[in-house]
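Engineer: This is query_3.cif, which holds mmCIF, C-alpha atoms:
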data_work
loop_
_atom_site.group_PDB
_atom_site.id
_atom_site.type_symbol
_atom_site.label_atom_id
_atom_site.label_comp_id
_atom_site.auth_asym_id
_atom_site.auth_seq_id
_atom_site.Cartn_x
_atom_site.Cartn_y
_atom_site.Cartn_z
ATOM 1 C CA MET A 137 94.088 160.737 111.225
ATOM 2 C CA SER A 138 93.029 164.322 111.779
ATOM 3 C CA GLU A 139 89.285 164.862 111.967
ATOM 4 C CA THR A 140 89.545 168.300 110.420
ATOM 5 C CA MET A 141 90.746 168.942 106.906
ATOM 6 C CA ASN A 142 91.209 172.304 105.215
ATOM 7 C CA PHE A 143 89.678 173.108 101.854
ATOM 8 C CA SER A 144 92.943 172.703 99.906
ATOM 9 C CA GLU A 145 93.414 169.176 101.215
ATOM 10 C CA MET A 146 89.808 168.285 100.435
ATOM 11 C CA ILE A 147 90.060 169.261 96.759
ATOM 12 C CA ALA A 148 93.660 168.161 96.159
ATOM 13 C CA ASP A 149 92.687 164.729 94.830
ATOM 14 C CA VAL A 150 89.776 165.877 92.658
ATOM 15 C CA PRO A 151 90.655 165.101 88.989
ATOM 16 C CA GLY A 152 91.091 168.181 86.820
ATOM 17 C CA ILE A 153 90.599 170.634 89.685
ATOM 18 C CA GLY A 154 93.843 172.476 88.866
ATOM 19 C CA GLN A 155 92.717 173.375 85.367
ATOM 20 C CA TYR A 156 89.303 174.416 86.677
ATOM 21 C CA VAL A 157 90.780 176.708 89.333
ATOM 22 C CA GLN A 158 93.131 178.279 86.789
ATOM 23 C CA ALA A 159 90.236 178.856 84.389
ATOM 24 C CA GLN A 160 88.234 180.552 87.137
ATOM 25 C CA THR A 161 91.132 182.742 88.320
ATOM 26 C CA HIS A 162 90.349 186.431 88.075
ATOM 27 C CA HIS A 163 92.447 188.371 85.634
ATOM 28 C CA LEU A 164 94.987 190.786 87.055
ATOM 29 C CA LEU A 165 94.717 192.657 83.768
ATOM 30 C CA ALA A 166 92.033 192.637 81.106
ATOM 31 C CA THR A 167 91.422 195.086 78.279
ATOM 32 C CA ARG A 168 88.107 195.238 76.451
ATOM 33 C CA ASN A 169 88.168 196.521 72.861
ATOM 34 C CA LEU A 170 90.958 198.909 73.796
ATOM 35 C CA LYS A 171 91.676 201.658 71.280
ATOM 36 C CA ALA A 172 94.842 203.594 71.957
ATOM 37 C CA GLY A 173 96.573 206.449 70.223
ATOM 38 C CA TYR A 174 97.582 210.082 70.362
ATOM 39 C CA LEU A 175 95.483 213.240 70.282
ATOM 40 C CA GLY A 176 92.326 211.166 69.915
ATOM 41 C CA ARG A 177 93.543 209.320 66.808
ATOM 42 C CA GLU A 178 93.714 205.534 66.920
ATOM 43 C CA VAL A 179 97.014 203.730 66.575
ATOM 44 C CA VAL A 180 95.831 200.508 68.230
ATOM 45 C CA THR A 181 92.359 199.144 67.505
ATOM 46 C CA GLY A 182 90.283 196.605 69.446
ATOM 47 C CA ALA A 183 93.015 195.100 71.656
ATOM 48 C CA ASN A 184 91.740 192.406 74.048
ATOM 49 C CA ILE A 185 94.571 191.325 76.361
ATOM 50 C CA THR A 186 94.409 189.327 79.609
ATOM 51 C CA VAL A 187 97.036 188.437 82.218
ATOM 52 C CA LYS A 188 96.458 186.081 85.142
ATOM 53 C CA ARG A 189 98.343 185.681 88.410
ATOM 54 C CA GLY A 190 101.622 183.828 87.977
ATOM 55 C CA GLU A 191 101.535 184.235 84.215
ATOM 56 C CA VAL A 192 104.069 185.881 81.906
ATOM 57 C CA VAL A 193 102.478 187.174 78.696
ATOM 58 C CA ALA A 194 104.552 188.540 75.820
ATOM 59 C CA LEU A 195 103.265 191.152 73.377
ATOM 60 C CA LEU A 196 105.262 190.651 70.187
ATOM 61 C CA GLY A 197 105.407 192.542 66.927
ATOM 62 C CA PRO A 198 107.651 194.561 64.605
ATOM 63 C CA ASN A 199 108.672 198.173 65.141
ATOM 64 C CA GLY A 200 105.747 200.552 64.863
ATOM 65 C CA ALA A 201 103.110 197.892 65.480
ATOM 66 C CA GLY A 202 101.648 199.764 68.488
ATOM 67 C CA LYS A 203 103.074 197.624 71.296
ATOM 68 C CA SER A 204 104.502 200.458 73.396
ATOM 69 C CA THR A 205 101.393 202.564 72.837
ATOM 70 C CA THR A 206 99.275 199.707 74.177
ATOM 71 C CA LEU A 207 101.504 199.270 77.227
ATOM 72 C CA LEU A 208 101.558 202.989 78.054
ATOM 73 C CA THR A 209 97.767 203.114 77.777
ATOM 74 C CA ILE A 210 97.429 200.163 80.159
ATOM 75 C CA ALA A 211 99.874 201.871 82.548
ATOM 76 C CA GLY A 212 97.800 205.074 82.465
ATOM 77 C CA GLN A 213 100.332 207.376 80.811
ATOM 78 C CA LEU A 214 98.111 207.672 77.729
ATOM 79 C CA PRO A 215 94.323 207.986 77.951
ATOM 80 C CA PRO A 216 92.464 205.365 75.921
ATOM 81 C CA VAL A 217 90.701 206.575 72.805
ATOM 82 C CA ASP A 218 87.993 203.998 73.524
ATOM 83 C CA GLY A 219 87.575 200.739 75.398
ATOM 84 C CA ILE A 220 88.288 199.758 78.991
ATOM 85 C CA VAL A 221 91.340 198.768 81.027
ATOM 86 C CA MET A 222 90.434 196.498 83.944
ATOM 87 C CA LEU A 223 92.801 195.779 86.842
ATOM 88 C CA SER A 224 91.717 192.884 89.082
ATOM 89 C CA ASN A 225 88.352 192.903 87.253
ATOM 90 C CA VAL A 226 87.738 196.553 88.146
ATOM 91 C CA PRO A 227 87.612 199.199 85.366
ATOM 92 C CA THR A 228 90.220 201.851 86.065
ATOM 93 C CA PHE A 229 90.501 205.398 84.816
ATOM 94 C CA THR A 230 93.156 206.621 87.265
ATOM 95 C CA PRO A 231 96.441 208.254 86.158
ATOM 96 C CA MET A 232 99.683 206.306 86.012
ATOM 97 C CA TYR A 233 101.076 207.302 89.418
ATOM 98 C CA GLN A 234 97.980 205.994 91.187
ATOM 99 C CA ARG A 235 98.130 202.687 89.303
ATOM 100 C CA VAL A 236 101.758 202.282 90.348
ATOM 101 C CA ARG A 237 100.819 202.981 93.960
ATOM 102 C CA ASN A 238 98.030 200.409 93.725
ATOM 103 C CA GLY A 239 100.292 197.547 92.693
ATOM 104 C CA ILE A 240 101.618 197.986 89.161
ATOM 105 C CA GLY A 241 105.334 197.714 88.495
ATOM 106 C CA LEU A 242 106.413 199.648 85.407
ATOM 107 C CA VAL A 243 109.662 199.394 83.447
ATOM 108 C CA THR A 244 109.753 201.579 80.340
ATOM 109 C CA GLU A 245 112.285 201.461 77.526
ATOM 110 C CA ASP A 246 113.742 204.750 78.889
ATOM 111 C CA ARG A 247 114.738 202.845 82.083
ATOM 112 C CA LEU A 248 113.732 205.774 84.374
ATOM 113 C CA ILE A 249 117.201 206.229 85.878
ATOM 114 C CA PHE A 250 118.337 209.483 87.512
ATOM 115 C CA THR A 251 121.804 209.930 86.054
ATOM 116 C CA LYS A 252 123.114 212.252 88.817
ATOM 117 C CA MET A 253 122.074 209.926 91.664
ATOM 118 C CA SER A 254 123.824 206.781 92.835
ATOM 119 C CA ALA A 255 122.480 203.343 92.006
ATOM 120 C CA ARG A 256 121.504 202.894 95.652
ATOM 121 C CA ASP A 257 119.497 206.126 95.681
ATOM 122 C CA ASN A 258 117.866 205.250 92.354
ATOM 123 C CA ILE A 259 116.513 202.082 93.956
ATOM 124 C CA LYS A 260 115.348 203.811 97.135
ATOM 125 C CA ILE A 261 113.689 206.770 95.424
ATOM 126 C CA GLY A 262 111.304 204.417 93.660
ATOM 127 C CA GLY A 263 110.325 202.755 96.941
ATOM 128 C CA GLY A 264 112.408 199.673 96.196
ATOM 129 C CA SER A 265 114.445 197.536 98.541
ATOM 130 C CA VAL A 266 118.203 197.446 97.976
ATOM 131 C CA GLU A 267 118.440 194.013 99.615
ATOM 132 C CA ARG A 268 115.749 192.548 97.376
ATOM 133 C CA VAL A 269 117.400 194.011 94.271
ATOM 134 C CA LEU A 270 120.749 192.472 95.254
ATOM 135 C CA GLU A 271 119.034 189.102 95.682
ATOM 136 C CA LEU A 272 117.864 189.354 92.072
ATOM 137 C CA PHE A 273 121.089 190.833 90.675
ATOM 138 C CA PRO A 274 124.078 190.226 93.013
ATOM 139 C CA SER A 275 126.493 191.822 90.523
ATOM 140 C CA LEU A 276 125.044 195.257 91.368
ATOM 141 C CA GLU A 277 126.491 195.215 94.902
ATOM 142 C CA ALA A 278 129.829 196.644 93.779
ATOM 143 C CA ARG A 279 128.061 199.361 91.759
ATOM 144 C CA LEU A 280 125.662 200.749 94.363
ATOM 145 C CA ASP A 281 127.660 203.957 94.965
ATOM 146 C CA ILE A 282 128.218 204.681 91.259
ATOM 147 C CA ARG A 283 126.161 207.406 89.589
ATOM 148 C CA GLY A 284 123.331 206.144 87.425
ATOM 149 C CA GLY A 285 124.727 207.854 84.337
ATOM 150 C CA MET A 286 128.029 205.960 84.705
ATOM 151 C CA LEU A 287 126.387 202.532 84.741
ATOM 152 C CA SER A 288 126.166 200.350 81.658
ATOM 153 C CA GLY A 289 122.849 199.921 79.871
ATOM 154 C CA GLY A 290 122.461 196.434 81.325
ATOM 155 C CA GLU A 291 123.094 197.659 84.873
ATOM 156 C CA GLN A 292 120.606 200.486 84.436
ATOM 157 C CA GLN A 293 117.992 198.020 83.228
ATOM 158 C CA MET A 294 118.740 195.715 86.177
ATOM 159 C CA ILE A 295 118.136 198.595 88.578
ATOM 160 C CA ALA A 296 114.894 199.587 86.859
ATOM 161 C CA LEU A 297 113.563 196.022 86.816
ATOM 162 C CA GLY A 298 114.845 195.153 90.297
ATOM 163 C CA ARG A 299 113.288 198.319 91.732
ATOM 164 C CA ALA A 300 109.911 197.426 90.212
ATOM 165 C CA LEU A 301 110.019 193.777 91.387
ATOM 166 C CA SER A 302 111.250 194.623 94.893
ATOM 167 C CA ARG A 303 108.038 196.569 95.553
ATOM 168 C CA ASP A 304 106.025 193.300 95.330
ATOM 169 C CA PRO A 305 103.737 194.415 92.499
ATOM 170 C CA GLN A 306 100.683 192.426 91.520
ATOM 171 C CA LEU A 307 101.266 193.202 87.847
ATOM 172 C CA LEU A 308 104.502 194.013 86.023
ATOM 173 C CA LEU A 309 104.491 195.984 82.765
ATOM 174 C CA ALA A 310 107.854 195.938 80.984
ATOM 175 C CA ASP A 311 108.634 197.620 77.674
ATOM 176 C CA GLU A 312 111.560 196.333 75.573
ATOM 177 C CA LEU A 313 113.774 194.926 78.341
ATOM 178 C CA SER A 314 116.182 193.680 75.679
ATOM 179 C CA LEU A 315 116.621 197.038 73.924
ATOM 180 C CA GLY A 316 120.305 197.511 73.120
ATOM 181 C CA LEU A 317 121.535 194.832 75.549
ATOM 182 C CA ALA A 318 123.736 191.774 75.190
ATOM 183 C CA PRO A 319 121.912 188.409 74.994
ATOM 184 C CA MET A 320 123.394 187.266 78.334
ATOM 185 C CA ILE A 321 121.980 190.342 80.117
ATOM 186 C CA VAL A 322 118.599 189.843 78.443
ATOM 187 C CA ASP A 323 118.495 186.261 79.741
ATOM 188 C CA ARG A 324 119.163 187.471 83.292
ATOM 189 C CA LEU A 325 116.416 190.095 83.084
ATOM 190 C CA LEU A 326 113.777 187.787 81.620
ATOM 191 C CA SER A 327 114.774 185.029 84.035
ATOM 192 C CA ALA A 328 114.134 187.415 86.948
ATOM 193 C CA VAL A 329 110.646 188.122 85.571
ATOM 194 C CA ARG A 330 109.954 184.387 85.187
ATOM 195 C CA THR A 331 111.165 183.691 88.754
ATOM 196 C CA ALA A 332 108.994 186.472 90.182
ATOM 197 C CA ALA A 333 105.948 185.043 88.405
ATOM 198 C CA ASP A 334 106.632 181.500 89.624
ATOM 199 C CA GLU A 335 107.626 182.312 93.212
ATOM 200 C CA GLN A 336 105.698 185.506 94.032
ATOM 201 C CA GLY A 337 102.692 184.881 91.778
ATOM 202 C CA ILE A 338 102.849 188.234 89.989
ATOM 203 C CA GLY A 339 101.428 188.638 86.502
ATOM 204 C CA ALA A 340 103.669 190.138 83.826
ATOM 205 C CA LEU A 341 103.036 191.707 80.433
ATOM 206 C CA ILE A 342 106.294 192.187 78.561
ATOM 207 C CA VAL A 343 106.612 193.991 75.254
ATOM 208 C CA GLU A 344 109.317 192.454 73.106
ATOM 209 C CA GLN A 345 110.578 192.634 69.567
ATOM 210 C CA HIS A 346 112.858 189.592 69.864
ATOM 211 C CA ALA A 347 110.459 186.673 69.695
ATOM 212 C CA ARG A 348 112.846 183.833 70.455
ATOM 213 C CA LYS A 349 113.949 185.287 73.792
ATOM 214 C CA ALA A 350 110.399 186.140 74.838
ATOM 215 C CA LEU A 351 109.036 182.687 73.988
ATOM 216 C CA LYS A 352 111.644 181.040 76.193
ATOM 217 C CA TYR A 353 110.299 182.714 79.355
ATOM 218 C CA SER A 354 106.609 183.406 78.653
ATOM 219 C CA ASP A 355 103.427 181.346 78.958
ATOM 220 C CA ARG A 356 101.363 183.000 76.230
ATOM 221 C CA ILE A 357 101.901 185.526 73.476
ATOM 222 C CA TYR A 358 99.885 188.116 71.617
ATOM 223 C CA LEU A 359 101.116 188.961 68.142
ATOM 224 C CA MET A 360 100.457 192.557 67.107
ATOM 225 C CA SER A 361 100.845 194.043 63.651
ATOM 226 C CA ARG A 362 99.631 197.399 62.307
ATOM 227 C CA GLY A 363 97.792 198.216 65.510
ATOM 228 C CA ARG A 364 95.781 194.990 65.749
ATOM 229 C CA ILE A 365 96.137 191.749 67.657
ATOM 230 C CA GLN A 366 96.634 189.197 64.879
ATOM 231 C CA MET A 367 97.169 186.046 66.953
ATOM 232 C CA GLU A 368 96.956 184.708 70.495
ATOM 233 C CA MET A 369 98.547 181.378 71.400
ATOM 234 C CA THR A 370 100.625 179.564 73.976
ATOM 235 C CA SER A 371 104.380 179.933 73.830
ATOM 236 C CA ASP A 372 104.770 176.216 73.148
ATOM 237 C CA GLU A 373 102.554 176.472 70.080
ATOM 238 C CA ALA A 374 104.343 179.627 68.940
ATOM 239 C CA ARG A 375 107.739 177.925 69.183
ATOM 240 C CA SER A 376 106.546 175.166 66.880
ATOM 241 C CA ARG A 377 105.382 177.789 64.326
ATOM 242 C CA LEU A 378 108.127 180.344 64.877
ATOM 243 C CA ASP A 379 109.505 180.364 61.328
ATOM 244 C CA GLU A 380 106.019 180.869 59.901
ATOM 245 C CA ILE A 381 105.240 183.641 62.392
ATOM 246 C CA GLU A 382 108.508 185.479 61.789
ATOM 247 C CA GLU A 383 108.068 185.394 58.031
ATOM 248 C CA ALA A 384 104.434 186.512 58.119
ATOM 249 C CA TYR A 385 104.427 189.099 60.905
ATOM 250 C CA LEU A 386 107.839 189.879 62.370
ATOM 251 C CA ALA A 387 109.934 190.475 59.248
ATOM 252 C CA GLY A 388 110.678 194.150 58.554
ATOM 253 C CA THR A 389 108.707 196.894 60.250
ATOM 254 C CA SER A 390 105.155 198.123 60.352
ATOM 255 C CA GLU A 391 104.349 201.708 59.484
ATOM 256 C CA SER A 392 105.370 204.090 62.240
ATOM 257 C CA GLU A 393 102.772 205.571 64.571
ATOM 258 C CA GLU A 394 103.365 209.017 63.030
ATOM 259 C CA ASP A 395 102.778 207.617 59.534
ATOM 260 C CA HIS A 396 99.640 205.882 60.755
ATOM 261 C CA ILE A 397 98.291 209.112 62.247
ATOM 262 C CA GLU A 398 99.087 211.034 59.047
ATOM 263 C CA ARG A 399 97.424 208.368 56.878
ATOM 264 C CA ARG A 400 94.280 208.497 59.012
ATOM 265 C CA ARG A 401 94.281 212.302 58.915
ATOM 266 C CA ARG A 402 94.495 212.307 55.112
ATOM 267 C CA LYS A 403 91.677 209.813 54.936
ATOM 268 C CA ASP A 404 89.508 212.047 57.136
ATOM 269 C CA VAL A 405 90.314 215.101 54.978
ATOM 270 C CA ARG A 406 89.429 213.234 51.775
ATOM 271 C CA GLN A 407 86.113 212.124 53.269
ATOM 272 C CA ALA A 408 85.323 215.694 54.314
ATOM 273 C CA TRP A 409 86.207 216.992 50.842
ATOM 274 C CA GLY A 410 84.079 214.254 49.278
ATOM 275 C CA ARG A 411 81.062 215.380 51.285
ATOM 276 C CA LEU A 412 81.795 218.977 50.282
ATOM 277 C CA ARG A 413 81.889 218.075 46.593
ATOM 278 C CA VAL A 414 78.484 216.400 46.868
ATOM 279 C CA LYS A 415 77.092 219.678 48.196
ATOM 280 C CA GLU A 416 78.880 221.649 45.454
ATOM 281 C CA ARG A 417 77.431 219.464 42.707
ATOM 282 C CA GLU A 418 73.970 219.812 44.154
ATOM 283 C CA LEU A 419 74.336 223.609 44.363
ATOM 284 C CA ARG A 420 75.570 223.697 40.745
ATOM 285 C CA ARG A 421 72.596 221.605 39.648
ATOM 286 C CA LEU A 422 70.143 223.882 41.426
ATOM 287 C CA SER A 423 71.748 227.251 40.674
ATOM 288 C CA GLY A 424 73.448 226.533 37.345
ATOM 289 C CA THR A 425 76.700 228.221 38.519
ATOM 290 C CA GLN A 426 80.154 226.716 39.048
ATOM 291 C CA VAL A 427 80.817 226.619 42.806
ATOM 292 C CA SER A 428 84.294 225.016 42.852
ATOM 293 C CA ARG A 429 86.859 224.032 40.220
ATOM 294 C CA ARG A 430 88.982 221.735 42.427
ATOM 295 C CA ARG A 431 89.414 218.224 41.060
ATOM 296 C CA THR A 432 89.822 214.943 42.870
ATOM 297 C CA GLY A 433 93.320 214.456 41.428
ATOM 298 C CA GLU A 434 94.505 217.605 43.196
ATOM 299 C CA ASP A 435 93.895 216.193 46.675
ATOM 300 C CA ASP A 436 97.284 214.539 47.111
ATOM 301 C CA HIS A 437 99.085 217.630 45.815
ATOM 302 C CA ILE A 438 97.257 219.842 48.327
ATOM 303 C CA LEU A 439 97.932 217.409 51.189
ATOM 304 C CA ASP A 440 101.630 217.105 50.269
ATOM 305 C CA ASP A 441 101.993 220.904 50.216
ATOM 306 C CA GLU A 442 100.355 221.095 53.631
ATOM 307 C CA GLN A 443 102.666 218.392 55.023
ATOM 308 C CA HIS A 444 105.703 220.209 53.595
ATOM 309 C CA ARG A 445 104.575 223.431 55.277
ATOM 310 C CA ARG A 446 104.139 221.665 58.630
ATOM 311 C CA ASP A 447 107.573 220.011 58.360
ATOM 312 C CA SER A 448 109.185 223.364 57.565
ATOM 313 C CA GLN A 449 107.562 224.982 60.600
ATOM 314 C CA MET A 450 108.793 222.140 62.798
ATOM 315 C CA ARG A 451 112.368 222.523 61.518
ATOM 316 C CA ILE A 452 112.243 226.276 62.191
ATOM 317 C CA ARG A 453 111.057 225.623 65.761
ATOM 318 C CA ARG A 454 113.999 223.279 66.298
ATOM 319 C CA GLY A 455 116.420 225.885 64.994
ATOM 320 C CA ARG A 456 117.172 224.250 61.673
ATOM 321 C CA LYS A 457 116.539 225.842 58.278
ATOM 322 C CA TYR A 458 116.913 222.751 56.100
#
Hey, can you dump this file as structure tokens for me?

Structural biologist:
Amino acid sequence: MSETMNFSEMIADVPGIGQYVQAQTHHLLATRNLKAGYLGREVVTGANITVKRGEVVALLGPNGAGKSTTLLTIAGQLPPVDGIVMLSNVPTFTPMYQRVRNGIGLVTEDRLIFTKMSARDNIKIGGGSVERVLELFPSLEARLDIRGGMLSGGEQQMIALGRALSRDPQLLLADELSLGLAPMIVDRLLSAVRTAADEQGIGALIVEQHARKALKYSDRIYLMSRGRIQMEMTSDEARSRLDEIEEAYLAGTSESEEDHIERRRRKDVRQAWGRLRVKERELRRLSGTQVSRRRTGEDDHILDDEQHRRDSQMRIRRGRKY
């Protein structure tokens, strides 16, 4: 028997050590009270999301829930309104290209394919390995010399995902892999993510609208609705409550991000007008003169006229009169 024994062998037989080590594993990704949005206005509020090594986490929710906004903020494309994004337990404020260089793989719903370049060049230009991509998706071998714009949507998504995984990222961020694709292609894409997590130990955060597909390949889920994380649970638990979850949170759509921003803007305007009316009433009490004749019931009419004016200006800019 060998006199020396490494640390792994020494702790292998300790009861419950696996769960302890997993609990103490540092997070590849952690957000702390993340608020995300556009032009300083919140669309997502107080999101706390974690991803560990070797773990696939799904962010589920209806259209307009804020899932893509959250992912783009984590990736660095959007600046956070408030809160912190931590990568490997280190707060990061760097732009997206630096996060990608430092070990993030990113697949957006736009697929990031250069339509005039061949599939082979699309893989190489992102720093990917053609051989590694063909290991993941052998069916692409016959399509390597075809222009990106001539490939099917599934093939484009395979190239985008394969390119990201072939760079050996520590963390994969994928937005709507299943968008517009056949179920068989979606299974191949999500299976590649699951294999990379199991064999390479990467962490993955995937944004999905189709809950049943995501639950099949993920370890945990976050359920987002109207810009807030409503639930966090394991995929096994979510599968047992899937009908309840779909009926309560995934049926229909949430308000769009534009509608959310407009609703918040109207609320801010009403609050400002409310403060102004308090001052007007006080001035009228002190001076005895009528300062303003605007009534509370006129607020919506004024806001609707303003919105109509803004929409008309936007149509004119786009070259349309009506």

Engineer: Could you tell me which residues the PyMOL selection byres ((chain A and resi 208) around 10) returns for this structure, as a PyMOL selection string?

Structural biologist: chain A and resi 172-173+203-207+209-216+232+242+244+309-311

Engineer: Report as JSON, numbers by chain the full result of the PyMOL selection byres ((chain A and resi 369-374) around 12) when it is applied to this structure.

Structural biologist: {"A": [185, 191, 192, 193, 194, 195, 196, 347, 348, 349, 350, 351, 352, 353, 354, 355, 356, 357, 358, 359, 365, 366, 367, 368, 375, 376, 377, 378, 379, 380, 381, 382]}

Engineer: Between CA of Leu313 in chain A and CA of Leu270 in chain A, what is the distance, to one decimal in Å?

Structural biologist: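 For CA of Leu313 in chain A relative to CA of Leu270 in chain A, the distance reads 18.5 Å.
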
Engineer: Give me, please, the distance in Å between CA of Leu287 in chain A and CA of Arg324 in chain A, quoted to one decimal.

Structural biologist: 16.8 Å

Engineer: Smallest atom-to-atom distance to Arg330 in chain A: which of A:Leu301, A:Ser288, A:Leu422, A:Pro231, using all atoms listed in the file?

Structural biologist: A:Leu301

Engineer: Rank A:Leu317, A:Pro274, A:Leu248, A:Arg177 by their smallest atom-to-atom distance to Asp404 in chain A, using only C-alpha atoms, and report the top residue only.

Structural biologist: A:Arg177

Engineer: Using CA of Gly202 in chain A and CA of Leu165 in chain A as the two end points, give the distance in Å to one decimal.

Structural biologist: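 According to the coordinates, CA of Gly202 in chain A and CA of Leu165 in chain A are separated by 18.2 Å.
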
Engineer: Skipping near chain neighbours, those fewer than 4 positions away, what residues fall within 12 Å of Gly285 in chain A using all atoms listed in the file, listed as a PyMOL selection string?

Structural biologist: chain A and resi 247-255+258+279+281+289+291-293

Engineer: Taking only C-alpha atoms into account, name the residue in A:Leu170, A:Val266, A:Ile338, A:Leu272 that is nearest to Val221 in chain A.

Structural biologist: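 Ranked by minimum distance to Val221 in chain A, first place goes to A:Leu170.
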
Engineer: Have a look at A:Arg268, A:Arg401, A:Glu312, A:Gly337 and name the one nearest to Leu175 in chain A; count all atoms listed in the file.

Structural biologist: A:Arg401

Engineer: Need the shell around Met222 in chain A: protein/DNA/RNA residues with any atom at most 12 Å away, counting all atoms listed in the file. Skip same-chain ones fewer than 2 positions apart. Format as a list in words?

Structural biologist: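 Here the answer would be His162, His163, Leu164, Leu165, Ala166, Thr167, Arg168, Asn169, Leu170, Asn184, Ile185, Thr186, Val187, Thr209, Ile210, Ala211, Gly212, Gly219, Ile220, Ser224, Asn225, Val226, Pro227, Thr228, Phe229, Thr230, Arg235 and Leu307 of chain A.
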
Engineer: Restricted to C-alpha atoms, what would the selected residues look like written as a PDB file, in the frame of the given file?

Structural biologist:
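Output file again.pdb follows:
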ATOM      1  CA  HIS A 162      90.349 186.431  88.075  1.00  0.00           C
ATOM      2  CA  HIS A 163      92.447 188.371  85.634  1.00  0.00           C
ATOM      3  CA  LEU A 164      94.987 190.786  87.055  1.00  0.00           C
ATOM      4  CA  LEU A 165      94.717 192.657  83.768  1.00  0.00           C
ATOM      5  CA  ALA A 166      92.033 192.637  81.106  1.00  0.00           C
ATOM      6  CA  THR A 167      91.422 195.086  78.279  1.00  0.00           C
ATOM      7  CA  ARG A 168      88.107 195.238  76.451  1.00  0.00           C
ATOM      8  CA  ASN A 169      88.168 196.521  72.861  1.00  0.00           C
ATOM      9  CA  LEU A 170      90.958 198.909  73.796  1.00  0.00           C
ATOM     10  CA  ASN A 184      91.740 192.406  74.048  1.00  0.00           C
ATOM     11  CA  ILE A 185      94.571 191.325  76.361  1.00  0.00           C
ATOM     12  CA  THR A 186      94.409 189.327  79.609  1.00  0.00           C
ATOM     13  CA  VAL A 187      97.036 188.437  82.218  1.00  0.00           C
ATOM     14  CA  THR A 209      97.767 203.114  77.777  1.00  0.00           C
ATOM     15  CA  ILE A 210      97.429 200.163  80.159  1.00  0.00           C
ATOM     16  CA  ALA A 211      99.874 201.871  82.548  1.00  0.00           C
ATOM     17  CA  GLY A 212      97.800 205.074  82.465  1.00  0.00           C
ATOM     18  CA  GLY A 219      87.575 200.739  75.398  1.00  0.00           C
ATOM     19  CA  ILE A 220      88.288 199.758  78.991  1.00  0.00           C
ATOM     20  CA  SER A 224      91.717 192.884  89.082  1.00  0.00           C
ATOM     21  CA  ASN A 225      88.352 192.903  87.253  1.00  0.00           C
ATOM     22  CA  VAL A 226      87.738 196.553  88.146  1.00  0.00           C
ATOM     23  CA  PRO A 227      87.612 199.199  85.366  1.00  0.00           C
ATOM     24  CA  THR A 228      90.220 201.851  86.065  1.00  0.00           C
ATOM     25  CA  PHE A 229      90.501 205.398  84.816  1.00  0.00           C
ATOM     26  CA  THR A 230      93.156 206.621  87.265  1.00  0.00           C
ATOM     27  CA  ARG A 235      98.130 202.687  89.303  1.00  0.00           C
ATOM     28  CA  LEU A 307     101.266 193.202  87.847  1.00  0.00           C
TER      29      LEU A 307
END

Engineer: Go through A:Leu280, A:Val243, A:Leu308, A:Ala300 and flag the residue nearest Leu223 in chain A, using all atoms listed in the file for the distances.

Structural biologist: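 Ranked by minimum distance to Leu223 in chain A, first place goes to A:Leu308.
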